[in-house]
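S.K.: Got a structure here, written out as structure tokens. Questions coming.
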Amino acid sequence: QLRLVESGGGLVQFGGSLRLSCAASGYSLDYYAIGWFRQAPGKDREAVSCIISRGNNPDYADSVKGRFTVSRDNARNMVFLQMNNLKPEDSAVYYCAAISLAPKTQCYVSDPADLFHVWGRGTRVTVSS
């Protein structure tokens, strides 16, 4: 059974950087696309990025384009979200989630979150102004 654990969250100042990690266990990530989502208090869950198993052509929400970069290391069974130039509005609990896709199928931040069937428990990011 695939399990995901996020780490790397914390408190950072406006303009700072954090690198989130999503560690998988129980199954190889080779067969999964990974999405990053976030949810701030009182707000709806928002898709941040999505990366397919091969790691090419990741998709990003407009709100994070140019600031966030998603990558993956399938050999280590891990996915990363590098977040630069952080803003207070980036404060949220960040989750990684997995979806099994055919090898050449692209994933998008517009894909329904309900399609992602394995979720981590989240890591909190707080950006101070």
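Quick note on naming: the chains in the structure tokens go A, B, ... in the order shown, residues restart at 1 in each chain, and ligands are numbered from 1 in order of appearance.
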How close does each residue of range 56-77 of chain A get to range 81-91 of chain A, giving the shortest atom pair and distance in Å to one decimal for every residue with an atom at most 10 Å away, counting only C-alpha atoms, sorted by chain and residue number, as JSON lines?

M.R.:
```
{"residue": "A:Ser63", "atom": "CA", "partner": "A:Asp90", "partner_atom": "CA", "distance": 9.0}
{"residue": "A:Val64", "atom": "CA", "partner": "A:Met83", "partner_atom": "CA", "distance": 8.5}
{"residue": "A:Gly66", "atom": "CA", "partner": "A:Asn84", "partner_atom": "CA", "distance": 8.7}
{"residue": "A:Arg67", "atom": "CA", "partner": "A:Asn84", "partner_atom": "CA", "distance": 5.1}
{"residue": "A:Phe68", "atom": "CA", "partner": "A:Met83", "partner_atom": "CA", "distance": 4.5}
{"residue": "A:Thr69", "atom": "CA", "partner": "A:Gln82", "partner_atom": "CA", "distance": 5.1}
{"residue": "A:Val70", "atom": "CA", "partner": "A:Leu81", "partner_atom": "CA", "distance": 4.5}
{"residue": "A:Ser71", "atom": "CA", "partner": "A:Leu81", "partner_atom": "CA", "distance": 6.6}
{"residue": "A:Arg72", "atom": "CA", "partner": "A:Leu81", "partner_atom": "CA", "distance": 8.7}
```

S.K.: Can you spit out the residues from that selection as a tab-separated table (two decimals), in the first residue's frame, using N, CA and C atoms?

M.R.:
```
chain	number	residue	atom	x	y	z
A	63	SER	N	-0.79	31.05	-9.59
A	63	SER	CA	-0.36	31.77	-8.39
A	63	SER	C	1.06	31.45	-7.97
A	64	VAL	N	1.62	30.35	-8.47
A	64	VAL	CA	2.97	29.94	-8.05
A	64	VAL	C	3.95	29.84	-9.21
A	66	GLY	N	6.72	30.40	-11.75
A	66	GLY	CA	7.91	31.23	-11.66
A	66	GLY	C	8.53	31.28	-10.28
A	67	ARG	N	7.80	30.79	-9.29
A	67	ARG	CA	8.32	30.79	-7.91
A	67	ARG	C	8.51	29.38	-7.36
A	68	PHE	N	7.65	28.47	-7.75
A	68	PHE	CA	7.71	27.10	-7.26
A	68	PHE	C	8.21	26.18	-8.37
A	69	THR	N	8.99	25.18	-7.96
A	69	THR	CA	9.47	24.17	-8.91
A	69	THR	C	9.30	22.79	-8.31
A	70	VAL	N	8.64	21.93	-9.04
A	70	VAL	CA	8.43	20.56	-8.58
A	70	VAL	C	9.43	19.65	-9.29
A	71	SER	N	9.93	18.68	-8.57
A	71	SER	CA	10.86	17.71	-9.14
A	71	SER	C	10.66	16.38	-8.44
A	72	ARG	N	11.25	15.35	-9.00
A	72	ARG	CA	11.11	14.05	-8.37
A	72	ARG	C	12.37	13.22	-8.58
```

S.K.: Which residues are close to Asn77 in chain A, i.e. within 12 Å by only C-alpha atoms, leaving aside same-chain residues fewer than 4 positions away? Reply as a list in words.

M.R.: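 Residues near the query, excluding close chain neighbours: Leu2, Arg3, Leu4, Val5, Ser21, Cys22, Ala23, Ala24, Ser25, Gly26, Tyr27, Ser28, Leu29, Asp30, Tyr31, Tyr32, Ala33, Ile34, Ser53, Ser71, Arg72 and Asp73 of chain A.
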
S.K.: Under the rule that only C-alpha atoms are counted, which of A:Val125, A:Ile52, A:Leu115, A:Ala102 is the nearest residue to Gln39 in chain A?

M.R.: A:Val125

S.K.: For each of A:Ala61, A:Cys50, A:Leu11, A:Val127, take the minimum atom-to-atom distance to Phe80 in chain A, counting only C-alpha atoms, then give the residue where this is smallest.

M.R.: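 Ranking A:Ala61, A:Cys50, A:Leu11, A:Val127 by distance to Phe80 in chain A, first place goes to A:Cys50.
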
S.K.: Just to confirm, what's the straight-line distance from CA of Trp119 in chain A to CA of Phe37 in chain A in Å (one decimal)?

M.R.: 9.9 Å

S.K.: Work out how far apart CA of Ile51 in chain A and CA of Gln106 in chain A are and give it in Å to one decimal.

M.R.: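 According to the coordinates, CA of Ile51 in chain A and CA of Gln106 in chain A are separated by 8.0 Å.
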
S.K.: If DSSP is run on the backbone, what residues of chain A are helix (DSSP H, G or I)? A reply as JSON, numbers by chain would be ideal.

M.R.: {"A": [29, 30, 31, 88, 89, 90, 113, 114, 115]}

S.K.: Taking N, CA, C and O atoms for each residue, export the selection above as a compact mmCIF listing (two decimals), in the first residue's frame.

M.R.:
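So result.txt came out as:
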```txt
# COMPACT_ATOMS: atom_id res chain seq x y z
N LEU A 29 7.05 4.90 -6.74
CA LEU A 29 6.39 6.06 -7.33
C LEU A 29 6.47 6.07 -8.85
O LEU A 29 5.91 6.96 -9.49
N ASP A 30 7.17 5.10 -9.42
CA ASP A 30 7.32 5.04 -10.87
C ASP A 30 5.97 5.04 -11.59
O ASP A 30 5.88 5.45 -12.74
N TYR A 31 4.94 4.58 -10.91
CA TYR A 31 3.66 4.39 -11.57
C TYR A 31 2.66 5.50 -11.24
O TYR A 31 1.48 5.41 -11.58
N PRO A 88 3.02 35.86 2.10
CA PRO A 88 2.09 35.46 3.17
C PRO A 88 0.91 34.64 2.64
O PRO A 88 0.44 33.73 3.34
N GLU A 89 0.46 34.93 1.45
CA GLU A 89 -0.68 34.18 0.89
C GLU A 89 -0.32 32.75 0.52
O GLU A 89 -1.19 31.96 0.17
N ASP A 90 0.96 32.39 0.60
CA ASP A 90 1.37 31.01 0.40
C ASP A 90 1.22 30.18 1.67
O ASP A 90 1.40 28.97 1.65
N ALA A 113 -9.29 16.91 -7.55
CA ALA A 113 -8.53 16.37 -6.43
C ALA A 113 -9.02 14.99 -6.04
O ALA A 113 -8.25 14.18 -5.52
N ASP A 114 -10.29 14.71 -6.29
CA ASP A 114 -10.85 13.41 -5.93
C ASP A 114 -10.21 12.26 -6.70
O ASP A 114 -10.32 11.11 -6.29
N LEU A 115 -9.55 12.57 -7.81
CA LEU A 115 -8.89 11.53 -8.58
C LEU A 115 -7.61 11.04 -7.90
O LEU A 115 -7.13 9.95 -8.20
```

S.K.: List every residue of range 2-128 of chain A that DSSP, applied to the backbone, labels as strand (DSSP E), and write the result as JSON, numbers by chain.

M.R.: {"A": [3, 4, 5, 6, 7, 10, 11, 12, 13, 18, 19, 20, 21, 22, 23, 24, 25, 32, 33, 34, 35, 36, 37, 38, 39, 46, 47, 48, 49, 50, 51, 59, 60, 68, 69, 70, 71, 72, 73, 78, 79, 80, 81, 82, 83, 92, 93, 94, 95, 96, 97, 98, 99, 100, 118, 119, 123, 124, 125, 126, 127, 128]}

S.K.: Please save C-alpha atoms of the selected residues as a PDB file, in the first residue's frame.

M.R.:
```
ATOM      1  CA  ARG A   3       1.933   5.889   1.756  1.00  0.00           C
ATOM      2  CA  LEU A   4       3.057   9.485   1.484  1.00  0.00           C
ATOM      3  CA  VAL A   5       4.695  11.652   4.123  1.00  0.00           C
ATOM      4  CA  GLU A   6       5.374  15.347   3.658  1.00  0.00           C
ATOM      5  CA  SER A   7       8.127  17.258   5.408  1.00  0.00           C
ATOM      6  CA  GLY A  10       7.981  25.700   8.740  1.00  0.00           C
ATOM      7  CA  LEU A  11       8.039  29.410   9.383  1.00  0.00           C
ATOM      8  CA  VAL A  12       9.770  31.621   6.858  1.00  0.00           C
ATOM      9  CA  GLN A  13       9.895  35.338   6.210  1.00  0.00           C
ATOM     10  CA  LEU A  18      11.443  26.371   1.608  1.00  0.00           C
ATOM     11  CA  ARG A  19      11.811  22.950   0.075  1.00  0.00           C
ATOM     12  CA  LEU A  20       9.053  20.493   0.762  1.00  0.00           C
ATOM     13  CA  SER A  21       9.596  16.770   0.422  1.00  0.00           C
ATOM     14  CA  CYS A  22       7.103  14.012  -0.214  1.00  0.00           C
ATOM     15  CA  ALA A  23       8.473  10.614   0.729  1.00  0.00           C
ATOM     16  CA  ALA A  24       6.720   7.513  -0.519  1.00  0.00           C
ATOM     17  CA  SER A  25       6.791   4.049   0.965  1.00  0.00           C
ATOM     18  CA  TYR A  32       2.230   7.563 -10.072  1.00  0.00           C
ATOM     19  CA  ALA A  33       1.859  11.195 -10.862  1.00  0.00           C
ATOM     20  CA  ILE A  34       2.166  13.390  -7.793  1.00  0.00           C
ATOM     21  CA  GLY A  35       0.184  16.485  -7.097  1.00  0.00           C
ATOM     22  CA  TRP A  36       0.912  19.152  -4.533  1.00  0.00           C
ATOM     23  CA  PHE A  37      -2.069  20.823  -2.927  1.00  0.00           C
ATOM     24  CA  ARG A  38      -2.485  23.399  -0.216  1.00  0.00           C
ATOM     25  CA  GLN A  39      -5.246  24.550   2.046  1.00  0.00           C
ATOM     26  CA  GLU A  46      -5.949  24.550  -4.070  1.00  0.00           C
ATOM     27  CA  ALA A  47      -3.868  22.511  -6.478  1.00  0.00           C
ATOM     28  CA  VAL A  48      -0.348  23.889  -6.681  1.00  0.00           C
ATOM     29  CA  SER A  49       1.463  21.620  -9.098  1.00  0.00           C
ATOM     30  CA  CYS A  50       1.451  18.204 -10.678  1.00  0.00           C
ATOM     31  CA  ILE A  51       4.280  16.090 -12.043  1.00  0.00           C
ATOM     32  CA  ASP A  59       2.017  21.889 -14.388  1.00  0.00           C
ATOM     33  CA  TYR A  60       1.655  24.789 -11.973  1.00  0.00           C
ATOM     34  CA  PHE A  68       7.708  27.095  -7.261  1.00  0.00           C
ATOM     35  CA  THR A  69       9.474  24.173  -8.910  1.00  0.00           C
ATOM     36  CA  VAL A  70       8.432  20.562  -8.578  1.00  0.00           C
ATOM     37  CA  SER A  71      10.861  17.714  -9.138  1.00  0.00           C
ATOM     38  CA  ARG A  72      11.109  14.050  -8.371  1.00  0.00           C
ATOM     39  CA  ASP A  73      13.699  11.393  -7.705  1.00  0.00           C
ATOM     40  CA  MET A  78      10.596  11.146  -3.410  1.00  0.00           C
ATOM     41  CA  VAL A  79       9.050  14.280  -4.854  1.00  0.00           C
ATOM     42  CA  PHE A  80      10.090  17.804  -3.991  1.00  0.00           C
ATOM     43  CA  LEU A  81       8.520  21.239  -4.118  1.00  0.00           C
ATOM     44  CA  GLN A  82      11.017  24.084  -4.089  1.00  0.00           C
ATOM     45  CA  MET A  83       9.251  27.266  -3.075  1.00  0.00           C
ATOM     46  CA  ALA A  92      -1.175  26.868   4.197  1.00  0.00           C
ATOM     47  CA  VAL A  93      -0.935  23.184   4.932  1.00  0.00           C
ATOM     48  CA  TYR A  94       0.680  21.544   1.937  1.00  0.00           C
ATOM     49  CA  TYR A  95      -0.195  18.023   0.891  1.00  0.00           C
ATOM     50  CA  CYS A  96       1.196  15.663  -1.688  1.00  0.00           C
ATOM     51  CA  ALA A  97      -1.109  13.181  -3.310  1.00  0.00           C
ATOM     52  CA  ALA A  98      -0.724  10.347  -5.800  1.00  0.00           C
ATOM     53  CA  ILE A  99      -2.678   9.329  -8.843  1.00  0.00           C
ATOM     54  CA  SER A 100      -1.986   6.321 -10.997  1.00  0.00           C
ATOM     55  CA  VAL A 118      -3.425   8.513  -1.791  1.00  0.00           C
ATOM     56  CA  TRP A 119      -2.755  11.557   0.371  1.00  0.00           C
ATOM     57  CA  THR A 123       3.110  19.917   6.340  1.00  0.00           C
ATOM     58  CA  ARG A 124       2.416  23.458   7.466  1.00  0.00           C
ATOM     59  CA  VAL A 125       4.016  26.461   5.808  1.00  0.00           C
ATOM     60  CA  THR A 126       3.761  29.873   7.426  1.00  0.00           C
ATOM     61  CA  VAL A 127       5.121  32.964   5.713  1.00  0.00           C
ATOM     62  CA  SER A 128       5.457  36.040   7.863  1.00  0.00           C
TER      63      SER A 128
END
```

S.K.: Pick from A:Pro58, A:Pro112, A:Gly15, A:Pro103: nearest to Arg45 in chain A, with only C-alpha atoms counted?

M.R.: A:Pro112
